[in-house]
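Have a look at the structure below, then the notes.
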Amino acid sequence: MHSYRSHTCGQLRKSNVGESVKLSGWVHRKRDHGGVLFIDLRDTHGLTQVVAEGNAELEKIRAESVITIEGEVVNRAEGTTNAKMPTGEIEVVVKSVTVQSHAEVIPFQVAEDDGAGEDVRLKYRYLDLRREGMHSRVRLRNNVIAAMRRRMWAEGFQEFNTPILTASSPEGARDYLVPSRLHPGKFYALPQAPQQFKQLLMMSGFDRYFQIAPCFRDEDGRADRLAEFYQLDMEMSFVEQEDIFRVMTGVIGGIFEEFADFTGEKRRVEFLPNMKYADAMNTYGSDKPDLRNPLVLCDVTDVFKRDDVTFNAFKGVIEKGGVVKAIRAPKVADRPRSFFDKLNDWARGEGAVGLGYITVKDGVGAGPIAKFVPAEAQGQLNKIAGLEEGDAIFFICDKEDKALKFAGRARDKICDDMDIREKGVYKLFWIVDFPMYEFDEKAQKIDFSHNPFSMPQGGLDALNGPDPLKVLATQYDCVCNGYELASGGIRNHRPDIMERAFAIAGYSKDVLEKKFGGMLNAFRYGAPPHGGCAFGVDRIVMLLADEPNLREVYAFVMNGQYEDPMMNAPSDITEAQLKDLHLKLNLPKKVEAA
RNA sequence: GCGGGUGUAGUUCAGUUGGUUAGAACGCUUCCCUGUCACGGAAGAGGUCGCGGGUUCGAGUCCCGUCACUCGCGCCA
C-alpha cells in the first residue's frame, strides 16, 4: 500500500464504496460530537469527510495539522449527504491515523475568509495560500501562463531566456542594481524588460521570439504595480503594426475568452477598433480609458471665453493659456445636492479648486455657476456638450495637459458615483499613434515620451521636419477596462534614424554608443525590420480573477513598501559581505538614528 | 517626496458629550454531547487601546509629534 495516499481528497465517489483507502491532508474543520468525530480532510484537490469513533488522537488534533488516515469508503446514510461537496455522497471511516505534523494555533482562519489584513496574510503567506481564494487564483495564474505558451508555440514562436544580470540602462525607470564582486565599483542591473535582448534575437535571425519574462523596476508601487512582475514578452521580424495586432489580439483575446468564467459568471469579451492616442486623451482624458464608462469629455473653452459669460475664475486661467474641459452626466439634475457636494469634496481632496457644474432644469441652466452663463451662452454649451433636459455638466479648467488628466479621473469618479459602469465585459482595444517626443517642463527640453527604440512614423524625413513634437511613433498600447495590458512598437532598426532620433532628445552620438553600443552595432550588420510588445501577465490574471490588486494573484509577493514580511527582505548584510563587494554604506540620518 | 484612510484581544470589528472594571463575533483552553458539515451546549483565559508627549480631577476618546499599513498623486522612457 502507498505510504501516504491511495487517493486525493477530491477523488472518492460512490463507485469507491467498500474500498480500503489511504488519505493524507490538512485538518480543515473538525466537528466533535463526543462519541463520533467528523473531520473535513483537505488537500489541493478537495475535501473529504472522515469519521472516527473514540479516537483520542484525533479528538486532540488542531486545525491545519497534517494527518494520514487509513479507512474504508462508505455510503453516507440518507439525509446526511452533502450536495455542496463533490465527495459529499461518501465518507471514510477511520481505522488508523498517523499524525504527520501538529499545527500550532493559526494566526487567522484557513477554512474561511475572516477578512485578515494584508500584513498578517503576507507574513504567513503559506497559510493564506491554503485558503480557497488564493489557492484558486494562483492556479488560474498557472493555467493562464500555460495557455500563453500553448498559444504562442502554436503561432510558431520560440521561447528564449534572457539574462537577469545585465547592464543598467540610462532611460526609463530606476534599475535594481547588483554590485559586482569581481569588478570593484561596477554593477549589474536587473532588467526592466528584455528589450534589447529580444531585438538582438531578431538580429540573430530568429523571427518569432517570446518569453514569460521577469521584469524589475525600482519605482514606488500601486495596487496594479509591483517591483517585480512578469510579462508575456514577444517580438517578430518582417512585420508591420497590424501583423503584431493580428497575432496578439488572437492570443490574448483567446485567453480572455478561455478564462472569462473563472469567477463563476461568464463575462463577454469585446474587441473594439484601434484608438488614436490623441483621441483617447481628448475624449477620455487618459491613455488607458475604461470604455465600460460611457462618459466622454468635450471642450467648452469657447463658451467661457464669451464676453457675456462672466465666470472670472475660469476667464483668468483661459487668459493664461488654459482650457475648460467638460463632462456631460446624463439625467442627474434631480440628484440631491449631496451628490454634487461629494464630487466637489473629492475634487478638492485631489488638489483641484473644485468641480464646477451646471444642471439643466426646465430648459434653463441651474446650480451655483449658472448665473454667470446667460441663456445664449447656455445654448452654445448645450450644443457642444449635447446637453438635454435633466442632464448635468461638470467643468475642469486648467492648462490643457493638467485639465485633460484631471478630467479623465473625474470622468471615472462621476461614473462610479452614478453607478453606470458596464458590468460583465472585457473591452479590449489598441491605442496607436503615440507621440515620439514630449516637452519636459522640468528639464526644459524635448525628450522621448515613450520607447526611444520605436520607429518614428515617416522615418528620417519626419525627424528632419520642423516640429519634432508633432512626430508620431510606431508605438502602441493594449488597453482593457482601464488597465494598460501591453506596450509595444515597431522598432527603429536603422542606425542613421536612431542617431537622429536621439540627437533630437539631446543625446550625443557618444552617449548613444556608450549606452546602446551593443545593439547599435548589431544594427550595422544587417537588421530586419521588426517589432513586438509585452503583456503584463499579472494584470491579465487580475482582470480574469476580478481582483483590484496584483497581490491577490501572486503566490509570494512584497507589500506596498516593497518589503517581504515573511522572508524579511530587504535585510541587512554583514560587514564581510560589504567588504567582498567593495561597498561602504552612506545612510540617511533618519535611518541611522533608528 | 506629497495627500486621503486606517491602527482597540490571535483575527475581524464596536466603543456615545472626556467619566464605573474597555465590549462583541470568530478563534483558543477545559468540560458535556453518536450524524455533523459555519455542529450544538456550559465555563474560562486572553488588552502596552501603534508609540511618545501634552491638556484635564479624569484620555481608547481632545491637542501636538511620530511610526506602521493601505489607497492615490508625483515617479513608472
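Letters A, B, ... go to the chains of the C-alpha cells in the order shown; residues in each chain start at 1; ligands are counted from 1 in the same order.
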
Counting only C-alpha atoms (C1' of nucleotides), give me one row per residue of chain B with an atom at most 12 Å from an atom of chain A, showing the shortest contact pair and its distance in Å to one decimal, sorted by chain then residue number, as JSON lines.
{"residue": "B:G1", "atom": "C1'", "partner": "A:Asp220", "partner_atom": "CA", "distance": 11.1}
{"residue": "B:C2", "atom": "C1'", "partner": "A:Gly351", "partner_atom": "CA", "distance": 10.8}
{"residue": "B:G3", "atom": "C1'", "partner": "A:Glu350", "partner_atom": "CA", "distance": 7.7}
{"residue": "B:G4", "atom": "C1'", "partner": "A:Gly349", "partner_atom": "CA", "distance": 7.3}
{"residue": "B:U6", "atom": "C1'", "partner": "A:Gly117", "partner_atom": "CA", "distance": 11.2}
{"residue": "B:G7", "atom": "C1'", "partner": "A:Gly117", "partner_atom": "CA", "distance": 11.7}
{"residue": "B:G10", "atom": "C1'", "partner": "A:Pro107", "partner_atom": "CA", "distance": 5.5}
{"residue": "B:U11", "atom": "C1'", "partner": "A:Phe108", "partner_atom": "CA", "distance": 5.3}
{"residue": "B:U12", "atom": "C1'", "partner": "A:Gly115", "partner_atom": "CA", "distance": 6.0}
{"residue": "B:C13", "atom": "C1'", "partner": "A:Gly115", "partner_atom": "CA", "distance": 10.4}
{"residue": "B:A25", "atom": "C1'", "partner": "A:Asp114", "partner_atom": "CA", "distance": 10.8}
{"residue": "B:C26", "atom": "C1'", "partner": "A:Asp114", "partner_atom": "CA", "distance": 7.9}
{"residue": "B:G27", "atom": "C1'", "partner": "A:Gln109", "partner_atom": "CA", "distance": 7.6}
{"residue": "B:C28", "atom": "C1'", "partner": "A:Val105", "partner_atom": "CA", "distance": 7.5}
{"residue": "B:U29", "atom": "C1'", "partner": "A:Val105", "partner_atom": "CA", "distance": 11.5}
{"residue": "B:C31", "atom": "C1'", "partner": "A:Gly34", "partner_atom": "CA", "distance": 11.2}
{"residue": "B:C32", "atom": "C1'", "partner": "A:Gly34", "partner_atom": "CA", "distance": 8.1}
{"residue": "B:C33", "atom": "C1'", "partner": "A:Gly34", "partner_atom": "CA", "distance": 5.2}
{"residue": "B:U34", "atom": "C1'", "partner": "A:Gly35", "partner_atom": "CA", "distance": 4.8}
{"residue": "B:G35", "atom": "C1'", "partner": "A:Thr80", "partner_atom": "CA", "distance": 7.0}
{"residue": "B:U36", "atom": "C1'", "partner": "A:Arg31", "partner_atom": "CA", "distance": 6.4}
{"residue": "B:C37", "atom": "C1'", "partner": "A:Asn82", "partner_atom": "CA", "distance": 7.3}
{"residue": "B:A38", "atom": "C1'", "partner": "A:Glu112", "partner_atom": "CA", "distance": 8.7}
{"residue": "B:C39", "atom": "C1'", "partner": "A:Arg31", "partner_atom": "CA", "distance": 6.3}
{"residue": "B:G40", "atom": "C1'", "partner": "A:His33", "partner_atom": "CA", "distance": 8.7}
{"residue": "B:G41", "atom": "C1'", "partner": "A:His33", "partner_atom": "CA", "distance": 11.2}
{"residue": "B:C67", "atom": "C1'", "partner": "A:Ala594", "partner_atom": "CA", "distance": 10.9}
{"residue": "B:A68", "atom": "C1'", "partner": "A:Asp119", "partner_atom": "CA", "distance": 10.2}
{"residue": "B:C69", "atom": "C1'", "partner": "A:Asp119", "partner_atom": "CA", "distance": 7.1}
{"residue": "B:U70", "atom": "C1'", "partner": "A:Gly560", "partner_atom": "CA", "distance": 7.8}
{"residue": "B:C71", "atom": "C1'", "partner": "A:Ala223", "partner_atom": "CA", "distance": 8.0}
{"residue": "B:G72", "atom": "C1'", "partner": "A:Arg222", "partner_atom": "CA", "distance": 8.4}
{"residue": "B:C73", "atom": "C1'", "partner": "A:Glu350", "partner_atom": "CA", "distance": 7.9}
{"residue": "B:G74", "atom": "C1'", "partner": "A:Asp220", "partner_atom": "CA", "distance": 9.9}
{"residue": "B:C75", "atom": "C1'", "partner": "A:Glu219", "partner_atom": "CA", "distance": 6.6}
{"residue": "B:C76", "atom": "C1'", "partner": "A:Ala173", "partner_atom": "CA", "distance": 5.8}
{"residue": "B:A77", "atom": "C1'", "partner": "A:Gly172", "partner_atom": "CA", "distance": 4.1}

Which of range 288-512 of chain A counts as helix (DSSP H, G or I) under DSSP, as JSON, numbers by chain please?
{"A": [301, 302, 303, 304, 305, 312, 313, 314, 315, 316, 317, 318, 319, 337, 338, 339, 340, 341, 342, 343, 344, 345, 346, 347, 348, 349, 370, 371, 372, 375, 376, 377, 378, 379, 380, 381, 382, 383, 384, 385, 400, 401, 402, 403, 404, 405, 406, 407, 408, 409, 410, 411, 412, 413, 414, 415, 416, 417, 418, 459, 460, 461, 462, 463, 468, 469, 470, 495, 496, 497, 498, 499, 500, 501, 502, 503, 504, 509, 510, 511, 512]}

In terms of the shortest atom-to-atom distance over only C-alpha atoms, which of A:Ser96, A:Ser101, A:Gln457, A:Asn75 is closest to Val27 in chain A?
A:Ser101

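The shell of residues at most 6 Å from range 414-429 of chain A, with only C-alpha atoms (C1' of nucleotides) counted and near chain neighbours (fewer than 6 positions) removed, consists of Arg267, Arg268, Val269, Glu270, Phe271, Leu272, Asn274, Arg292, Asn293, Cys478, Val479, Cys480 and Asn481 of chain A.
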
Applying 10 Å and only C-alpha atoms (C1' of nucleotides), which residues near G15 in chain B remain after dropping the ones on its own chain fewer than 3 positions away? List them as a list in words.
U8, A22, G23, G60 and U61 of chain B

Could you write out that same residue set with N, CA and C atoms (P, O5', C5', C4', C3', O3' and C1' of nucleotides) as a PDB file, in the first residue's frame?
ATOM      1  P     U B   8      -5.663  47.808  15.959  1.00  0.00           P
ATOM      2  O5'   U B   8      -6.293  48.411  17.292  1.00  0.00           O
ATOM      3  C5'   U B   8      -5.487  48.637  18.430  1.00  0.00           C
ATOM      4  C4'   U B   8      -6.267  48.402  19.678  1.00  0.00           C
ATOM      5  C3'   U B   8      -6.960  47.053  19.770  1.00  0.00           C
ATOM      6  O3'   U B   8      -6.085  46.021  20.178  1.00  0.00           O
ATOM      7  C1'   U B   8      -8.512  48.728  20.320  1.00  0.00           C
ATOM      8  P     A B  22     -11.427  47.887  32.317  1.00  0.00           P
ATOM      9  O5'   A B  22     -12.524  47.577  31.218  1.00  0.00           O
ATOM     10  C5'   A B  22     -13.636  48.438  31.010  1.00  0.00           C
ATOM     11  C4'   A B  22     -13.977  48.481  29.551  1.00  0.00           C
ATOM     12  C3'   A B  22     -14.048  47.111  28.873  1.00  0.00           C
ATOM     13  O3'   A B  22     -15.356  46.601  28.980  1.00  0.00           O
ATOM     14  C1'   A B  22     -12.725  48.593  27.569  1.00  0.00           C
ATOM     15  P     G B  23     -15.665  45.372  29.877  1.00  0.00           P
ATOM     16  O5'   G B  23     -16.772  44.562  29.094  1.00  0.00           O
ATOM     17  C5'   G B  23     -16.394  43.777  27.990  1.00  0.00           C
ATOM     18  C4'   G B  23     -17.325  44.076  26.856  1.00  0.00           C
ATOM     19  C3'   G B  23     -17.394  42.969  25.804  1.00  0.00           C
ATOM     20  O3'   G B  23     -18.333  41.979  26.180  1.00  0.00           O
ATOM     21  C1'   G B  23     -17.014  45.045  24.746  1.00  0.00           C
ATOM     22  P     G B  60      -7.444  55.959  28.319  1.00  0.00           P
ATOM     23  O5'   G B  60      -7.652  55.259  26.903  1.00  0.00           O
ATOM     24  C5'   G B  60      -6.603  55.247  25.940  1.00  0.00           C
ATOM     25  C4'   G B  60      -7.178  55.110  24.559  1.00  0.00           C
ATOM     26  C3'   G B  60      -7.869  56.357  24.032  1.00  0.00           C
ATOM     27  O3'   G B  60      -6.966  57.218  23.399  1.00  0.00           O
ATOM     28  C1'   G B  60      -9.263  54.460  23.728  1.00  0.00           C
ATOM     29  P     U B  61      -7.083  58.807  23.577  1.00  0.00           P
ATOM     30  O5'   U B  61      -8.529  59.161  23.015  1.00  0.00           O
ATOM     31  C5'   U B  61      -8.879  58.924  21.656  1.00  0.00           C
ATOM     32  C4'   U B  61     -10.323  59.271  21.440  1.00  0.00           C
ATOM     33  C3'   U B  61     -10.672  60.736  21.708  1.00  0.00           C
ATOM     34  O3'   U B  61     -11.584  61.195  20.736  1.00  0.00           O
ATOM     35  C1'   U B  61     -11.983  59.324  23.097  1.00  0.00           C
TER      36        U B  61
END

If you run DSSP on the backbone, which residues of range 259-507 of chain A are strand (DSSP E), as an mmCIF file with C-alpha atoms, in the first residue's frame?
data_model
loop_
_atom_site.group_PDB
_atom_site.id
_atom_site.type_symbol
_atom_site.label_atom_id
_atom_site.label_comp_id
_atom_site.auth_asym_id
_atom_site.auth_seq_id
_atom_site.Cartn_x
_atom_site.Cartn_y
_atom_site.Cartn_z
ATOM 1 C CA ARG A 268 -18.202 38.914 -22.521
ATOM 2 C CA VAL A 269 -15.031 39.735 -24.417
ATOM 3 C CA GLU A 270 -15.347 42.657 -26.850
ATOM 4 C CA PHE A 271 -12.705 43.802 -29.324
ATOM 5 C CA MET A 275 -7.990 54.354 -30.990
ATOM 6 C CA LYS A 276 -5.525 57.147 -31.683
ATOM 7 C CA LEU A 297 -15.127 64.749 -22.427
ATOM 8 C CA CYS A 298 -15.679 67.813 -24.549
ATOM 9 C CA ASP A 299 -14.027 71.212 -24.804
ATOM 10 C CA VAL A 323 -8.773 75.384 -21.359
ATOM 11 C CA VAL A 324 -12.135 74.249 -19.995
ATOM 12 C CA LYS A 325 -12.917 70.559 -20.343
ATOM 13 C CA ALA A 326 -16.388 69.300 -19.537
ATOM 14 C CA ILE A 327 -18.148 66.036 -18.775
ATOM 15 C CA ARG A 328 -21.832 65.570 -19.505
ATOM 16 C CA ALA A 329 -23.561 63.451 -16.869
ATOM 17 C CA GLY A 356 -17.990 73.323 -11.049
ATOM 18 C CA TYR A 357 -21.235 72.207 -12.629
ATOM 19 C CA ILE A 358 -24.462 73.341 -14.250
ATOM 20 C CA THR A 359 -27.666 71.331 -14.354
ATOM 21 C CA VAL A 360 -30.370 71.709 -16.987
ATOM 22 C CA LYS A 361 -33.797 72.074 -15.405
ATOM 23 C CA VAL A 364 -32.512 76.598 -18.297
ATOM 24 C CA GLY A 365 -29.214 76.247 -16.503
ATOM 25 C CA ALA A 366 -29.232 75.848 -12.734
ATOM 26 C CA ALA A 392 -25.614 67.996 -15.619
ATOM 27 C CA ILE A 393 -22.271 69.151 -16.938
ATOM 28 C CA PHE A 394 -19.066 69.286 -14.894
ATOM 29 C CA PHE A 395 -16.181 71.640 -15.666
ATOM 30 C CA ILE A 396 -12.438 71.303 -15.257
ATOM 31 C CA CYS A 397 -10.355 74.392 -16.007
ATOM 32 C CA ASP A 398 -6.567 74.295 -16.140
ATOM 33 C CA VAL A 425 -17.500 42.624 -20.008
ATOM 34 C CA TYR A 426 -13.878 42.964 -21.078
ATOM 35 C CA LYS A 427 -13.374 45.797 -23.562
ATOM 36 C CA LEU A 428 -10.053 45.307 -25.338
ATOM 37 C CA PHE A 429 -8.503 47.608 -27.903
ATOM 38 C CA TRP A 430 -5.215 49.058 -29.115
ATOM 39 C CA ILE A 431 -4.156 52.656 -28.673
ATOM 40 C CA VAL A 432 -1.979 53.784 -31.588
ATOM 41 C CA TYR A 437 8.542 63.185 -28.109
ATOM 42 C CA GLU A 438 7.173 65.413 -25.404
ATOM 43 C CA PHE A 439 8.374 68.642 -23.876
ATOM 44 C CA ASP A 440 9.901 68.017 -20.471
ATOM 45 C CA LYS A 445 13.938 70.182 -23.203
ATOM 46 C CA ILE A 446 12.458 67.733 -25.672
ATOM 47 C CA ASP A 447 12.576 64.113 -24.520
ATOM 48 C CA PHE A 448 11.257 60.744 -25.631
ATOM 49 C CA GLN A 475 4.184 52.814 -30.681
ATOM 50 C CA TYR A 476 1.051 51.246 -29.255
ATOM 51 C CA ASP A 477 -0.602 50.009 -26.078
ATOM 52 C CA CYS A 478 -3.246 47.383 -25.494
ATOM 53 C CA VAL A 479 -5.892 48.538 -23.031
ATOM 54 C CA CYS A 480 -8.603 46.628 -21.187
ATOM 55 C CA TYR A 483 -5.666 48.938 -17.398
ATOM 56 C CA GLU A 484 -2.654 49.163 -19.689
ATOM 57 C CA LEU A 485 -2.199 45.486 -20.540
ATOM 58 C CA ALA A 486 0.615 45.833 -23.034
ATOM 59 C CA SER A 487 3.012 48.263 -24.594
ATOM 60 C CA GLY A 488 4.973 47.831 -27.772
ATOM 61 C CA GLY A 489 6.136 49.215 -31.047
ATOM 62 C CA ILE A 490 7.665 48.698 -34.437
#
